[in-house]
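S.K.: Handing over my_file-v2.cif, mmCIF, C-alpha atoms.
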```
data_final
loop_
_atom_site.label_atom_id
_atom_site.label_comp_id
_atom_site.auth_asym_id
_atom_site.auth_seq_id
_atom_site.Cartn_x
_atom_site.Cartn_y
_atom_site.Cartn_z
CA MET A 1 -86.27 61.91 1.15
CA LEU A 2 -86.16 62.94 -2.51
CA LEU A 3 -89.43 61.19 -3.32
CA SER A 4 -91.15 62.93 -0.41
CA VAL A 5 -90.92 66.16 -2.42
CA LEU A 6 -93.90 64.84 -4.38
CA THR A 7 -96.05 64.58 -1.25
CA PRO A 8 -97.38 67.18 1.21
CA PHE A 9 -94.72 65.92 3.61
CA GLY A 10 -92.19 67.48 1.25
CA LEU A 11 -92.98 70.92 2.72
CA VAL A 12 -91.01 69.74 5.76
CA SER A 13 -88.73 67.00 4.44
CA TRP A 14 -86.96 69.18 1.85
CA GLN A 15 -85.25 70.94 4.76
CA PHE A 16 -83.55 67.67 5.77
CA GLN A 17 -82.21 66.66 2.35
CA MET A 18 -78.62 67.02 3.62
CA VAL A 19 -79.01 64.50 6.43
CA PRO A 20 -79.00 61.24 4.38
CA LEU A 21 -75.99 62.47 2.39
CA ILE A 22 -74.08 63.44 5.54
CA LEU A 23 -74.77 60.08 7.20
CA TRP A 24 -73.87 58.15 4.07
CA MET A 25 -70.58 59.99 3.53
CA VAL A 26 -69.59 59.54 7.18
CA LEU A 27 -70.53 55.87 7.49
CA VAL A 28 -69.10 54.50 4.20
CA PRO A 29 -65.78 55.13 2.44
CA ALA A 30 -65.63 57.34 -0.63
CA LYS A 31 -64.88 54.39 -2.93
CA VAL A 32 -68.28 52.97 -2.00
CA PHE A 33 -70.22 56.23 -1.85
CA VAL A 34 -69.23 57.66 -5.24
CA PRO A 35 -70.22 54.76 -7.56
CA VAL A 36 -73.39 53.88 -5.64
CA TYR A 37 -74.49 57.52 -5.46
CA ALA A 38 -73.84 57.98 -9.18
CA GLY A 39 -75.81 54.82 -9.92
CA LEU A 40 -78.76 56.05 -7.85
CA LEU A 41 -78.76 59.39 -9.70
CA LEU A 42 -78.92 57.45 -12.96
CA LEU A 43 -81.78 55.30 -11.67
CA LEU A 44 -83.71 58.46 -10.86
CA GLN A 45 -83.82 59.24 -14.56
CA LEU A 46 -86.41 56.47 -14.95
CA PHE A 47 -89.02 58.87 -13.58
CA PRO A 48 -91.01 60.43 -16.41
CA GLY A 49 -91.58 64.10 -17.18
CA GLY A 50 -88.17 65.30 -16.08
CA LEU A 51 -88.82 64.40 -12.43
CA GLY A 52 -85.68 62.28 -12.31
CA LEU A 53 -83.55 65.22 -13.46
CA LEU A 54 -85.23 67.46 -10.88
CA PHE A 55 -84.49 64.98 -8.09
CA ALA A 56 -80.88 64.56 -9.22
CA LEU A 57 -80.31 68.32 -9.34
CA LEU A 58 -81.86 68.75 -5.90
CA SER A 59 -79.57 66.11 -4.46
CA LEU A 60 -76.48 67.51 -6.19
CA PHE A 61 -77.42 70.98 -4.95
CA CYS A 62 -77.15 69.71 -1.36
CA LEU A 63 -74.02 67.64 -1.98
CA PRO A 64 -71.20 70.24 -1.42
CA ALA A 65 -72.47 71.39 1.99
CA SER A 66 -73.19 67.80 3.01
CA ALA A 67 -69.68 66.73 2.01
CA ALA A 68 -68.16 69.65 3.92
CA MET A 69 -70.02 68.75 7.12
CA ALA A 70 -69.32 65.02 6.70
CA TRP A 71 -65.61 65.83 6.36
CA GLN A 72 -65.75 67.75 9.64
CA TYR A 73 -67.51 64.87 11.39
CA ARG A 74 -64.95 62.35 10.14
CA ARG A 75 -62.17 64.59 11.47
CA GLN A 76 -64.09 64.69 14.78
CA ASN A 77 -64.11 68.48 14.86
CA GLY A 78 -66.44 70.36 17.16
CA PRO A 79 -70.01 71.40 16.35
CA TYR A 80 -69.19 75.04 15.62
CA PRO A 81 -66.54 74.41 12.92
CA THR A 82 -68.90 71.84 11.42
CA VAL A 83 -71.86 74.22 11.24
CA VAL A 84 -69.74 77.12 9.96
CA THR A 85 -68.15 74.92 7.29
CA GLY A 86 -71.56 73.71 6.13
CA ALA A 87 -72.93 77.27 6.05
CA LEU A 88 -69.92 78.55 4.08
CA ALA A 89 -70.32 75.70 1.59
CA TRP A 90 -73.98 76.65 1.09
CA ILE A 91 -73.06 80.31 0.62
CA ALA A 92 -70.44 79.34 -1.98
CA VAL A 93 -72.90 77.15 -3.91
CA LEU A 94 -75.61 79.81 -3.93
CA LEU A 95 -73.18 82.58 -4.92
CA VAL A 96 -71.89 80.50 -7.81
CA MET A 97 -75.46 79.87 -8.92
CA PHE A 98 -76.38 83.56 -8.86
CA MET A 99 -73.11 84.54 -10.55
CA ALA A 100 -73.94 82.06 -13.31
CA LEU A 101 -77.38 83.62 -13.69
CA PHE A 102 -75.92 87.11 -13.95
CA ALA A 103 -73.21 85.94 -16.35
CA ALA A 104 -75.95 84.48 -18.54
CA ARG A 105 -77.64 87.93 -18.40
CA ILE A 106 -80.79 86.49 -16.91
CA ASP A 107 -83.04 89.25 -15.59
CA LEU A 108 -84.18 87.96 -12.19
CA VAL A 109 -86.46 90.94 -11.60
CA GLY A 110 -88.13 90.48 -14.98
CA MET A 111 -88.52 86.73 -14.45
CA MET A 112 -90.16 87.20 -11.05
CA GLU A 113 -92.48 89.91 -12.38
CA GLN A 114 -93.44 87.74 -15.33
CA SER A 115 -94.17 84.73 -13.14
CA ILE A 116 -96.40 86.88 -10.91
CA MET A 117 -98.29 88.46 -13.81
CA GLU A 118 -98.76 85.13 -15.61
CA ASN A 119 -100.35 83.57 -12.53
CA PRO A 120 -104.09 84.42 -12.56
CA VAL A 121 -104.36 84.46 -8.76
CA PHE A 122 -101.28 86.65 -8.18
CA ARG A 123 -102.22 88.96 -11.06
CA GLN A 124 -105.53 89.77 -9.40
CA MET A 125 -103.74 90.49 -6.11
CA VAL A 126 -101.26 92.99 -7.62
CA PRO A 127 -103.57 96.08 -7.48
CA ALA A 128 -104.59 95.35 -3.88
CA VAL A 129 -101.11 94.47 -2.57
CA PHE A 130 -98.80 96.68 -4.64
CA GLY A 131 -101.11 99.30 -6.14
CA SER A 132 -99.49 99.38 -9.57
CA GLU A 133 -97.03 97.47 -11.73
CA ALA A 134 -94.40 100.15 -11.04
CA GLN A 135 -94.64 99.47 -7.31
CA LEU A 136 -94.54 95.74 -8.04
CA HIS A 137 -91.26 96.33 -9.90
CA GLN A 138 -89.85 98.21 -6.90
CA ALA A 139 -90.88 95.44 -4.50
CA VAL A 140 -89.36 92.71 -6.67
CA SER A 141 -86.16 94.74 -7.08
CA LEU A 142 -85.98 95.05 -3.29
CA VAL A 143 -86.32 91.29 -2.93
CA VAL A 144 -83.50 90.71 -5.41
CA ASP A 145 -81.29 93.25 -3.62
CA ALA A 146 -81.90 91.39 -0.35
CA MET A 147 -80.68 88.08 -1.79
CA PRO A 148 -77.31 88.18 0.06
CA MET A 149 -79.11 88.38 3.40
CA ALA A 150 -81.43 85.55 2.41
CA ILE A 151 -78.46 83.42 1.32
CA VAL A 152 -76.64 83.85 4.64
CA MET A 153 -79.75 83.16 6.73
CA PHE A 154 -80.71 80.12 4.63
CA ALA A 155 -77.15 78.75 4.83
CA MET A 156 -77.00 79.08 8.62
CA TYR A 157 -80.47 77.60 9.04
CA GLN A 158 -79.71 74.58 6.85
CA ALA A 159 -76.35 73.91 8.49
CA MET A 160 -77.72 74.15 12.05
CA LEU A 161 -80.82 72.07 11.31
CA SER A 162 -78.80 69.39 9.52
CA HIS A 163 -76.28 69.25 12.37
CA TRP A 164 -79.06 68.91 14.94
CA LEU A 165 -80.48 65.76 13.34
CA SER A 166 -77.23 64.34 11.93
CA ARG A 167 -75.60 64.54 15.36
CA LYS A 168 -78.38 62.48 16.92
CA LEU A 169 -78.23 59.79 14.23
CA LEU A 170 -74.42 59.64 14.09
CA THR A 171 -74.23 59.34 17.87
CA ARG A 172 -76.61 56.40 17.68
CA PHE A 173 -75.12 54.55 14.71
CA TRP A 174 -71.46 55.68 14.57
CA ARG A 175 -69.79 57.38 17.53
CA PRO A 176 -70.64 60.17 19.97
CA VAL A 177 -70.78 63.58 18.28
CA PRO A 178 -70.65 66.61 20.60
CA ARG A 179 -73.69 68.85 20.68
CA MET A 180 -73.70 72.64 20.50
CA LYS A 181 -73.80 74.61 23.72
CA PRO A 182 -77.26 75.13 25.23
CA MET A 183 -78.81 78.33 23.98
CA LYS A 184 -78.61 79.83 27.46
CA ASP A 185 -74.81 79.85 27.03
CA TRP A 186 -74.75 81.42 23.55
CA ARG A 187 -72.79 84.68 23.58
CA LEU A 188 -71.83 87.01 20.75
CA PRO A 189 -68.63 89.12 20.74
CA ARG A 190 -69.18 92.41 22.57
CA SER A 191 -67.63 94.31 19.66
CA LEU A 192 -70.76 93.46 17.67
CA ILE A 193 -72.60 96.15 19.63
CA TRP A 194 -70.61 98.89 17.90
CA TYR A 195 -71.21 97.43 14.46
CA TYR A 196 -74.91 97.27 15.22
CA LEU A 197 -75.08 100.87 16.44
CA VAL A 198 -73.08 102.17 13.45
CA VAL A 199 -75.31 100.35 10.97
CA LEU A 200 -78.42 101.55 12.80
CA LEU A 201 -77.25 105.19 12.80
CA VAL A 202 -76.31 105.05 9.13
CA ASP A 203 -79.74 103.65 8.32
CA LEU A 204 -81.44 106.45 10.27
CA PHE A 205 -79.43 109.47 9.16
CA VAL A 206 -77.56 108.72 5.91
CA PRO A 207 -79.74 108.63 2.79
CA PHE A 208 -78.61 106.42 -0.07
CA GLU A 209 -80.00 106.16 -3.57
CA ALA A 210 -82.19 103.09 -3.94
CA GLY A 211 -80.35 100.31 -5.73
CA SER A 212 -76.89 101.80 -5.14
CA LEU A 213 -74.14 99.61 -3.68
CA PRO A 214 -74.18 101.31 -0.21
CA ALA A 215 -77.97 100.97 -0.09
CA VAL A 216 -77.78 97.26 -0.96
CA ILE A 217 -75.06 96.67 1.66
CA LEU A 218 -77.13 98.44 4.30
CA LEU A 219 -80.29 96.59 3.23
CA ASN A 220 -78.56 93.27 3.91
CA ALA A 221 -76.36 94.21 6.87
CA LEU A 222 -79.04 95.69 9.11
CA PRO A 223 -81.41 92.68 9.20
CA LEU A 224 -78.51 90.24 9.61
CA ILE A 225 -76.99 92.03 12.57
CA THR A 226 -80.46 92.65 14.05
CA TYR A 227 -81.27 88.94 13.95
CA ALA A 228 -77.87 88.19 15.48
CA MET A 229 -78.71 90.50 18.37
CA ALA A 230 -82.13 88.87 18.63
CA VAL A 231 -80.42 85.49 19.03
CA GLN A 232 -78.38 87.01 21.86
CA GLY A 233 -81.62 88.26 23.44
CA ILE A 234 -83.29 84.86 23.16
CA GLY A 235 -80.19 83.29 24.71
CA PHE A 236 -80.58 85.66 27.66
CA LEU A 237 -84.23 84.63 28.05
CA PHE A 238 -83.17 80.97 28.17
CA PHE A 239 -80.54 81.89 30.78
CA LEU A 240 -83.12 83.84 32.80
CA ALA A 241 -85.61 80.98 32.73
CA ASP A 242 -82.91 78.55 33.85
CA ALA A 243 -81.60 80.86 36.61
CA LYS A 244 -85.08 81.53 38.01
CA GLY A 245 -86.33 77.98 37.61
CA TRP A 246 -89.06 79.11 35.22
CA SER A 247 -90.60 77.07 32.47
CA ARG A 248 -88.76 77.17 29.15
CA ALA A 249 -92.06 78.17 27.55
CA LEU A 250 -91.08 81.88 27.80
CA PRO A 251 -87.87 81.70 25.74
CA VAL A 252 -89.38 79.18 23.33
CA ALA A 253 -92.40 81.45 22.80
CA ALA A 254 -90.04 84.41 22.28
CA ALA A 255 -88.06 82.49 19.67
CA VAL A 256 -91.23 81.52 17.80
CA ALA A 257 -92.60 85.07 18.04
CA VAL A 258 -89.38 86.53 16.62
CA VAL A 259 -89.74 84.26 13.61
CA LEU A 260 -93.45 84.94 13.07
CA ILE A 261 -93.85 88.57 14.19
CA ALA A 262 -91.34 90.90 12.57
CA PRO A 263 -91.77 93.92 14.94
CA LEU A 264 -90.72 91.77 17.90
CA VAL A 265 -87.31 91.14 16.33
CA GLN A 266 -86.19 94.68 17.15
CA LEU A 267 -87.45 94.42 20.74
CA VAL A 268 -85.61 91.16 21.40
CA ALA A 269 -82.55 92.55 19.59
CA TRP A 270 -82.39 95.47 22.03
CA LEU A 271 -82.58 92.96 24.88
CA GLY A 272 -79.55 91.27 23.32
CA VAL A 273 -77.76 94.64 23.14
CA MET A 274 -78.43 95.22 26.83
CA ASP A 275 -77.15 91.74 27.65
CA LEU A 276 -73.90 92.43 25.80
CA ALA A 277 -73.39 96.02 26.90
CA PHE A 278 -74.17 95.43 30.58
CA PRO A 279 -73.34 91.76 31.18
CA LEU A 280 -76.70 90.89 32.68
CA ARG A 281 -75.93 87.20 33.03
CA GLU A 282 -72.86 87.82 35.19
CA ARG A 283 -74.86 90.17 37.38
CA MET A 284 -77.54 87.54 37.92
CA LYS A 285 -75.19 84.70 38.91
CA PRO A 286 -75.41 83.67 42.57
CA ASN A 287 -71.77 84.61 43.31
CA ARG A 288 -72.56 88.19 42.37
#
```
Show me the file's structure as structure tokens.
M.R.:
Amino acid sequence: MLLSVLTPFGLVSWQFQMVPLILWMVLVPAKVFVPVYAGLLLLLQLFPGGLGLLFALLSLFCLPASAAMAWQYRRQNGPYPTVVTGALAWIAVLLVMFMALFAARIDLVGMMEQSIMENPVFRQMVPAVFGSEAQLHQAVSLVVDAMPMAIVMFAMYQAMLSHWLSRKLLTRFWRPVPRMKPMKDWRLPRSLIWYYLVVLLVDLFVPFEAGSLPAVILLNALPLITYAMAVQGIGFLFFLADAKGWSRALPVAAAVAVVLIAPLVQLVAWLGVMDLAFPLRERMKPNR
């Protein structure tokens, strides 16, 4: 898995770096895992040009979340505590990393601007995409301010993806591991509607100074809660397809479209709001 980073396959395989670690920590005792893993990290240093160090750091970066999920599997906890534990471990690792960068007074905005301007291809695109270096600075600052949202979404994505594959392999080679509920049964707490409406109204009617703490909180909270509502909406589409006997192509296409086409996120999110506010699934059940 680590070596695949050097190949085009690495564009996909890097997302599954946690899976071998999870399987290994579940299937062997710690007294075996620790020395063998340390020995493999040392063997990686035989690669020239610092590649071995890069591979070792990549593996160690995935280790805390992998260990947290493996611990949940060994305790035979359910899929939701396992995924949440893995996501929280990822969030902790990434927060520590960014706190270390800020403590070292590393200017992330300046580094990103410099990397863009030093790249000949990106430098030529700056006038067409951003218009000026000042607007480039604003765009990069916005990206840095949105890091908390990116951290949460990345953590949830990694934990859910790793659980999906690890569960299949552990069920085959270890013992049955329960799967998550089908997406047609996914439901968010109804109280989330009020949080969503409050955040939406604040975004529409309360101006905040760019870069201020309230503005940064709003910048991260609104997309996160919107995507949560979109997940609720996609869950309703899966339920609808199942209830009507339709092909699952509709909800699958909606899920892909939400990922690829940003304006559709809001539309599917409002469908999720309707599903929560007026329990559409209960109304569509045969006994109703």
S.K.: List as a VMD selection string the protein and nucleic acid residues near Ala241 of chain A, meaning an atom at most 9 Å away when all atoms listed in the file are counted, but skip any in the same chain fewer than 5 places from it.
M.R.: chain A and resid 184 236 246 to 251
S.K.: For a test of reading the model, state the distance in Å between atom CA of Val129 of chain A and atom CA of Met117 of chain A, rounded to one decimal.
M.R.: 13.1 Å
S.K.: With all atoms listed in the file as the atoms that count, which of A:Ala103, A:Leu280, A:Leu267, A:Val216 lies nearest to Arg187 of chain A?
M.R.: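 Nearest to Arg187 of chain A: A:Leu280.
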S.K.: I need the output of the PyMOL selection byres ((chain A and resi 272) around 6) for this file as a list in words; which residues are they?
M.R.: Met229, Ala230, Gln232, Gly233, Ala269, Trp270, Leu271, Val273, Met274 and Asp275 of chain A
S.K.: Take the residues that were just selected and, keeping C-alpha atoms, output them as a PDB file, in the coordinates of the input.
M.R.:
```pdb
ATOM      1  CA  MET A 229     -78.710  90.500  18.370  1.00  0.00           C
ATOM      2  CA  ALA A 230     -82.130  88.870  18.630  1.00  0.00           C
ATOM      3  CA  GLN A 232     -78.380  87.010  21.860  1.00  0.00           C
ATOM      4  CA  GLY A 233     -81.620  88.260  23.440  1.00  0.00           C
ATOM      5  CA  ALA A 269     -82.550  92.550  19.590  1.00  0.00           C
ATOM      6  CA  TRP A 270     -82.390  95.470  22.030  1.00  0.00           C
ATOM      7  CA  LEU A 271     -82.580  92.960  24.880  1.00  0.00           C
ATOM      8  CA  VAL A 273     -77.760  94.640  23.140  1.00  0.00           C
ATOM      9  CA  MET A 274     -78.430  95.220  26.830  1.00  0.00           C
ATOM     10  CA  ASP A 275     -77.150  91.740  27.650  1.00  0.00           C
TER      11      ASP A 275
END
```
S.K.: Please report the interatomic distance between atom CA of Phe154 of chain A and atom CA of Met99 of chain A in Å with one decimal.
M.R.: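 Rounded to one decimal, the two atoms are 17.5 Å apart.
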S.K.: To one decimal in Å, tell me the separation between atom CA of Ser115 of chain A and atom CA of Leu101 of chain A.
M.R.: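 Computing the Euclidean distance for atom CA of Ser115 of chain A and atom CA of Leu101 of chain A yields 16.8 Å.
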S.K.: For Leu264 of chain A, which residue out of A:Phe239, A:Tyr227, A:Ala221, A:Leu95 is the nearest one, using all atoms listed in the file?
M.R.: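 Closest to Leu264 of chain A, using all atoms listed in the file: A:Tyr227.
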S.K.: Give as a PyMOL selection string the residues that the PyMOL selection byres ((chain A and resi 164-176) around 12) matches when applied to the coordinates above.
M.R.: chain A and resi 15-28+66+69-70+72-74+76-80+82-83+157-163+177-181
S.K.: Just give me the residues with any atom within 10 Å of (-76.4, 81.2, 9.3), file coordinates, counting only C-alpha atoms, written as a list in words.
M.R.: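 So the residues meeting the distance criterion are Val83, Val84, Gly86, Ala87, Leu88, Trp90, Ile91, Met149, Ala150, Ile151, Val152, Met153, Phe154, Ala155, Met156, Tyr157, Gln158, Ala159, Met160, Leu224 and Ala228 of chain A.
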S.K.: Taking all atoms listed in the file into account, name the residue in A:Met97, A:Met147, A:Leu276, A:Leu201 that is nearest to Trp186 of chain A.
M.R.: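 Comparing A:Met97, A:Met147, A:Leu276, A:Leu201 against Trp186 of chain A, the winner is A:Leu276.
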S.K.: Which of these residues is nearest to Ser141 of chain A, using all atoms listed in the file: A:Pro127, A:Gly52, A:Pro189, A:Gly211?
M.R.: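 Among the listed residues, A:Gly211 lies closest to Ser141 of chain A.
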